[in-house]
Amino acid sequence: MKNLRSESWFGEKNLEGFLHRSGMKAQGWPDNMIKDKPMIGIANSFSEAVHCNSHLRNLAEHVKKGVIAAGGTPIEFPVISLGEFFLSPTSMYLRNQMSIDVEEMIKGLPIDGVVLLSGCDKTTPAMIMGAASADIPTILLPGGPSLRGDWRGEELGSCTDCRRYWTELRAGNITQADYDSMEEGIYRSPGHCMVAGTASTMAAISEAMGLTLEGAATLPAVDSRRMTLANNTGQRIVKLVEENINFSNFLRKENFYNGITTLMSFGGSTNAIIHMMAMAGRTKNTINLRDFNEISEKTPVIVNLKPAGSKLMEDLHYAGGVSAMLKNIENLIYKDVETVSGKKLSEIISDSNIYNDDVIRTQSNPINSKGSILILKGTLAPNGAVIKVAAASKKFYEHVGKALVFDSARELSEEIDKPDLDVDENTILILRNNGPVGGQGMPESGFLPIPKKLLDKGVRDIVRISDARMSGTAFGTIILHVSPESYIGGPLSLVENGDLISLSIKNKSIDLLVDKDELKIRKEKLKPNYKIKDYDRGYGFIYKEHILQAEDGCDFDFLKAKK
Ligand code: FES
């Protein structure tokens, strides 16, 4: 093959070429598998610290078989892996680091194309961001969802049902032993959370954008057909190299619009907004928060997945998967876009079938009407905030309530269950200092717990506001990503207990009903009452100097593409 990037490593008759070839021969590759062959990188985020990605070593072997079958040579390499359960302070804190790792490894290695093996929440956007910046032929292969959870005859979805039962435990409706006994049944296999959480959402968005082969988002992690999919992915990436089609070909504005439409029709995670803004920021394209509202307003939720619905990712696959879902919203998407499979999206859709119309609904029989996720703006969030309307209580769609403010997650957990807490069902709970800077990675602490005092009265939802994020598996009337964040002096920092706050879904607004002059006085008197760890070196130093706010995808300023 002509003009292979890898030839500049392996084709030279000099000392460097000698060393490069001998490095491959040291691993058993003969001459004819090194020279004039598409060299295919497999960026593997396998990790035993990330249960969602713990099967990716096996999956990589099947990608390799496909690469060799198609006439390429595979080179698997590790990249850092980010899991939701173990990492401190948050996995989001390290998403940009992972994207740098992916970008620089792709750029630095002798490869002509790359397959990205991802899974858990941050690993998919981090890989797309890094690969978008490197821009060589690329296919994403997410690891797939875990099998349905099973507990005492009940189907469980992680972690929607872990949260639901945690609330019931606090309310005294189940015992600690009951709760403990769920631990074994919630994840019955490797793979990511199997509700419409962030990992599932990002996988579905990626498939709809054309960054994966068909079925990649929904096929269960341990289904044998995923091994075939991996093999096909390996075969296809060799063809993409031969056709000389870079990743940017699938990262056009229309692909992003299809991704946003999928987010809405899927009833997906609010985190996807941040990730998509960051992904687009790595390209020449610009998308903005208005695009999310415009698309949300015309797109109903048609996929019946927890937390908005009742089913799980496995059900979605058996119902036809993402391509079948797109068939039911084909009037809302750009079908003329190309996908990594070599087919136009229109061909994929026309080959798809819907096998269960309770799981993949029609637009006239949706799970939730249009506007499932909205961007709010107002005096409390001049640069935006997000609400998942599909998971919120209708009675709070138009609501004015008194603020009850917590300055940190620790303060919240110490106070929230006190019997004398000044709270009722109309109160609006506020958590601040949990944004990109103040929260050191914008933790998923936005799912503020219902005070015990209200739980005992049977209350299961009240309005909650923060500059944090929330797991896509959670539910409730929860306003997130308030920007600018409180730690850097956004209006959230000026709220006092008892202030009135107005939420209007109709007007897409969130306002602090305090006189401007009073706010000016508060601003002048504002003293930081919360201090984060100060980094004077290392990654933390880079992070604090360069992290952007939510509306810019929380990317580092220096990683964005020059437009
Ligand atoms: Fe990895 Fe939920 S913990 S996707």
# chains A, B, ... in the order shown; residues from 1 in each chain; ligands from 1

$ residues_near_ligand --ligand "ligand 1" --cutoff "8 Å" --atoms "only C-alpha atoms and all ligand atoms" --output "JSON, numbers by chain"
{"A": [50, 51, 52, 53, 83, 84, 85, 119, 120, 121, 158, 159, 191, 192, 193, 194, 197, 198, 199, 200]}

$ residues_around --residues "Glu496 of chain A" --least-positions-apart "3" --cutoff "10 Å" --atoms "only C-alpha atoms" --output "list in words"
Lys402, Ala403, Leu404, Val405, Phe406, Ile430, Leu492, Ser493, Asp499, Leu500, Val514 and Arg522 of chain A

$ select_by_dssp --residues "segment 308-468 of chain A" --states "strand (DSSP E)" --output "PyMOL selection string"
chain A and resi 373-378+381-388+398-406+428-431+463-466

$ write_last_selection --atoms "N, CA, C and O atoms" --output "short mmCIF file (atom, residue, chain, number, x, y, z; two decimals), in the first residue's frame"
data_model
loop_
_atom_site.label_atom_id
_atom_site.label_comp_id
_atom_site.auth_asym_id
_atom_site.auth_seq_id
_atom_site.Cartn_x
_atom_site.Cartn_y
_atom_site.Cartn_z
N ILE A 373 -34.78 16.90 28.06
CA ILE A 373 -33.67 17.59 28.74
C ILE A 373 -33.71 19.03 28.26
O ILE A 373 -33.81 19.28 27.06
N LEU A 374 -33.63 19.96 29.17
CA LEU A 374 -33.64 21.36 28.77
C LEU A 374 -32.48 22.12 29.39
O LEU A 374 -32.03 21.80 30.50
N ILE A 375 -32.04 23.12 28.67
CA ILE A 375 -31.06 24.06 29.20
C ILE A 375 -31.86 25.23 29.77
O ILE A 375 -32.70 25.81 29.08
N LEU A 376 -31.61 25.55 31.02
CA LEU A 376 -32.26 26.69 31.67
C LEU A 376 -31.26 27.84 31.72
O LEU A 376 -30.06 27.62 31.83
N LYS A 377 -31.81 29.05 31.67
CA LYS A 377 -30.95 30.22 31.90
C LYS A 377 -31.71 31.18 32.80
O LYS A 377 -32.93 31.09 32.93
N GLY A 378 -31.02 32.11 33.40
CA GLY A 378 -31.68 33.09 34.25
C GLY A 378 -30.68 33.70 35.20
O GLY A 378 -29.47 33.48 35.08
N ALA A 381 -28.33 31.31 36.78
CA ALA A 381 -27.42 30.57 35.89
C ALA A 381 -27.30 31.32 34.56
O ALA A 381 -27.83 30.89 33.54
N PRO A 382 -26.57 32.45 34.54
CA PRO A 382 -26.49 33.24 33.31
C PRO A 382 -25.91 32.47 32.13
O PRO A 382 -26.28 32.72 30.99
N ASN A 383 -25.00 31.53 32.41
CA ASN A 383 -24.39 30.77 31.30
C ASN A 383 -25.00 29.38 31.13
O ASN A 383 -24.49 28.56 30.38
N GLY A 384 -26.07 29.13 31.86
CA GLY A 384 -26.79 27.88 31.63
C GLY A 384 -26.81 26.95 32.82
O GLY A 384 -25.97 27.01 33.73
N ALA A 385 -27.82 26.10 32.83
CA ALA A 385 -27.97 24.99 33.76
C ALA A 385 -28.80 23.95 33.03
O ALA A 385 -29.38 24.24 31.98
N VAL A 386 -28.85 22.75 33.57
CA VAL A 386 -29.51 21.65 32.86
C VAL A 386 -30.53 20.98 33.76
O VAL A 386 -30.29 20.83 34.97
N ILE A 387 -31.66 20.60 33.19
CA ILE A 387 -32.61 19.77 33.94
C ILE A 387 -33.07 18.63 33.04
O ILE A 387 -33.31 18.82 31.85
N LYS A 388 -33.14 17.43 33.63
CA LYS A 388 -33.71 16.29 32.91
C LYS A 388 -35.19 16.26 33.24
O LYS A 388 -35.61 15.73 34.28
N GLU A 398 -43.45 24.37 37.33
CA GLU A 398 -43.51 25.81 37.61
C GLU A 398 -43.50 25.92 39.13
O GLU A 398 -44.49 25.58 39.79
N HIS A 399 -42.40 26.39 39.70
CA HIS A 399 -42.28 26.31 41.16
C HIS A 399 -41.46 27.48 41.70
O HIS A 399 -40.44 27.86 41.12
N VAL A 400 -41.95 28.00 42.82
CA VAL A 400 -41.15 28.98 43.57
C VAL A 400 -40.99 28.42 44.98
O VAL A 400 -41.96 28.01 45.61
N GLY A 401 -39.73 28.38 45.44
CA GLY A 401 -39.50 27.83 46.77
C GLY A 401 -38.37 28.56 47.48
O GLY A 401 -37.60 29.29 46.86
N LYS A 402 -38.31 28.30 48.81
CA LYS A 402 -37.24 28.94 49.61
C LYS A 402 -35.98 28.09 49.57
O LYS A 402 -36.05 26.86 49.70
N ALA A 403 -34.85 28.77 49.45
CA ALA A 403 -33.57 28.05 49.36
C ALA A 403 -33.10 27.57 50.73
O ALA A 403 -33.26 28.27 51.73
N LEU A 404 -32.54 26.38 50.73
CA LEU A 404 -31.81 25.87 51.89
C LEU A 404 -30.44 25.47 51.36
O LEU A 404 -30.32 24.56 50.53
N VAL A 405 -29.39 26.17 51.83
CA VAL A 405 -28.09 26.10 51.16
C VAL A 405 -27.07 25.27 51.95
O VAL A 405 -26.95 25.41 53.17
N PHE A 406 -26.33 24.45 51.22
CA PHE A 406 -25.21 23.70 51.80
C PHE A 406 -23.95 24.06 51.01
O PHE A 406 -23.98 24.07 49.77
N ILE A 428 -36.25 24.44 48.26
CA ILE A 428 -35.30 24.11 47.19
C ILE A 428 -33.92 23.92 47.82
O ILE A 428 -33.36 24.85 48.41
N LEU A 429 -33.42 22.70 47.76
CA LEU A 429 -32.09 22.41 48.33
C LEU A 429 -31.02 22.88 47.36
O LEU A 429 -31.14 22.66 46.15
N ILE A 430 -29.98 23.50 47.92
CA ILE A 430 -28.87 23.98 47.08
C ILE A 430 -27.56 23.38 47.58
O ILE A 430 -27.28 23.43 48.79
N LEU A 431 -26.79 22.85 46.67
CA LEU A 431 -25.43 22.43 47.00
C LEU A 431 -24.49 23.23 46.13
O LEU A 431 -24.63 23.25 44.90
N VAL A 463 -37.24 19.97 44.76
CA VAL A 463 -36.34 20.61 43.80
C VAL A 463 -34.95 20.74 44.42
O VAL A 463 -34.81 21.15 45.57
N ARG A 464 -33.95 20.36 43.62
CA ARG A 464 -32.57 20.43 44.09
C ARG A 464 -31.70 21.10 43.01
O ARG A 464 -31.89 20.81 41.82
N ILE A 465 -30.80 21.97 43.44
CA ILE A 465 -29.98 22.74 42.49
C ILE A 465 -28.51 22.66 42.90
O ILE A 465 -28.20 22.79 44.09
N SER A 466 -27.65 22.51 41.92
CA SER A 466 -26.21 22.54 42.22
C SER A 466 -25.42 22.89 40.98
O SER A 466 -25.94 22.89 39.87
#

$ closest_residue --among "A:Lys239, A:Lys327, A:Lys298, A:His275" --to "Phe256 of chain A" --atoms "only C-alpha atoms"
A:His275

$ closest_atom_pairs --of "segment 417-479 of chain A" --to "segment 302-324 of chain A" --cutoff "10 Å" --atoms "only C-alpha atoms" --output "tab-separated table"
residue	atom	partner	partner_atom	distance
A:Gly472	CA	A:Pro307	CA	8.0
A:Thr473	CA	A:Pro307	CA	6.0
A:Ala474	CA	A:Pro307	CA	6.7
A:Phe475	CA	A:Pro307	CA	6.5
A:Gly476	CA	A:Pro307	CA	9.8

$ residues_around --residues "Leu380 of chain A" --least-positions-apart "6" --cutoff "7 Å" --atoms "only C-alpha atoms" --output "MDAnalysis selection string"
chainID A and resid 491:492 510:512

$ write_last_selection --atoms "N, CA, C and O atoms" --output "short mmCIF file (atom, residue, chain, number, x, y, z; two decimals), in the first residue's frame"
data_model
loop_
_atom_site.label_atom_id
_atom_site.label_comp_id
_atom_site.auth_asym_id
_atom_site.auth_seq_id
_atom_site.Cartn_x
_atom_site.Cartn_y
_atom_site.Cartn_z
N PRO A 491 -23.54 33.39 40.51
CA PRO A 491 -24.64 33.83 41.38
C PRO A 491 -25.04 32.81 42.45
O PRO A 491 -25.57 33.21 43.49
N LEU A 492 -24.76 31.54 42.21
CA LEU A 492 -25.09 30.53 43.23
C LEU A 492 -24.38 30.82 44.55
O LEU A 492 -24.87 30.48 45.63
N ILE A 510 -34.34 29.78 35.34
CA ILE A 510 -34.05 29.55 36.76
C ILE A 510 -33.53 30.88 37.33
O ILE A 510 -32.49 31.39 36.90
N ASP A 511 -34.32 31.45 38.24
CA ASP A 511 -34.01 32.81 38.70
C ASP A 511 -33.94 32.90 40.21
O ASP A 511 -34.72 32.27 40.93
N LEU A 512 -33.00 33.72 40.65
CA LEU A 512 -32.88 34.05 42.07
C LEU A 512 -33.67 35.33 42.28
O LEU A 512 -33.33 36.39 41.73
#

$ residues_around --residues "Ala134 of chain A" --least-positions-apart "3" --cutoff "10 Å" --atoms "only C-alpha atoms" --output "ChimeraX atom specification"
/A:100,102-108,128-131,137-138,246-248,282

$ residues_around --residues "Gly11 of chain A" --least-positions-apart "5" --cutoff "12 Å" --atoms "only C-alpha atoms" --output "ChimeraX atom specification"
/A:1-6,16-21,31-32,34-37,110

$ closest_residue --among "A:Val195, A:Leu15, A:Ile186, A:Ile42" --to "Leu140 of chain A" --atoms "only C-alpha atoms"
A:Ile42

$ atom_distance --atom1 "atom CA of Ser45 of chain A" --atom2 "atom CA of Ala204 of chain A"
18.7 Å

$ atom_distance --atom1 "atom CA of Ala392 of chain A" --atom2 "atom CA of Ile478 of chain A"
7.0 Å

$ select_by_dssp --residues "segment 48-267 of chain A" --states "helix (DSSP H, G or I)" --output "PyMOL selection string"
chain A and resi 51-53+56-69+91-108+123-134+160-170+176-180+183-186+198-209+224-243+247-250+253-266

$ closest_residue --among "A:Gly439, A:Pro89, A:Gly153, A:Gly28" --to "Thr73 of chain A" --atoms "only C-alpha atoms"
A:Gly28
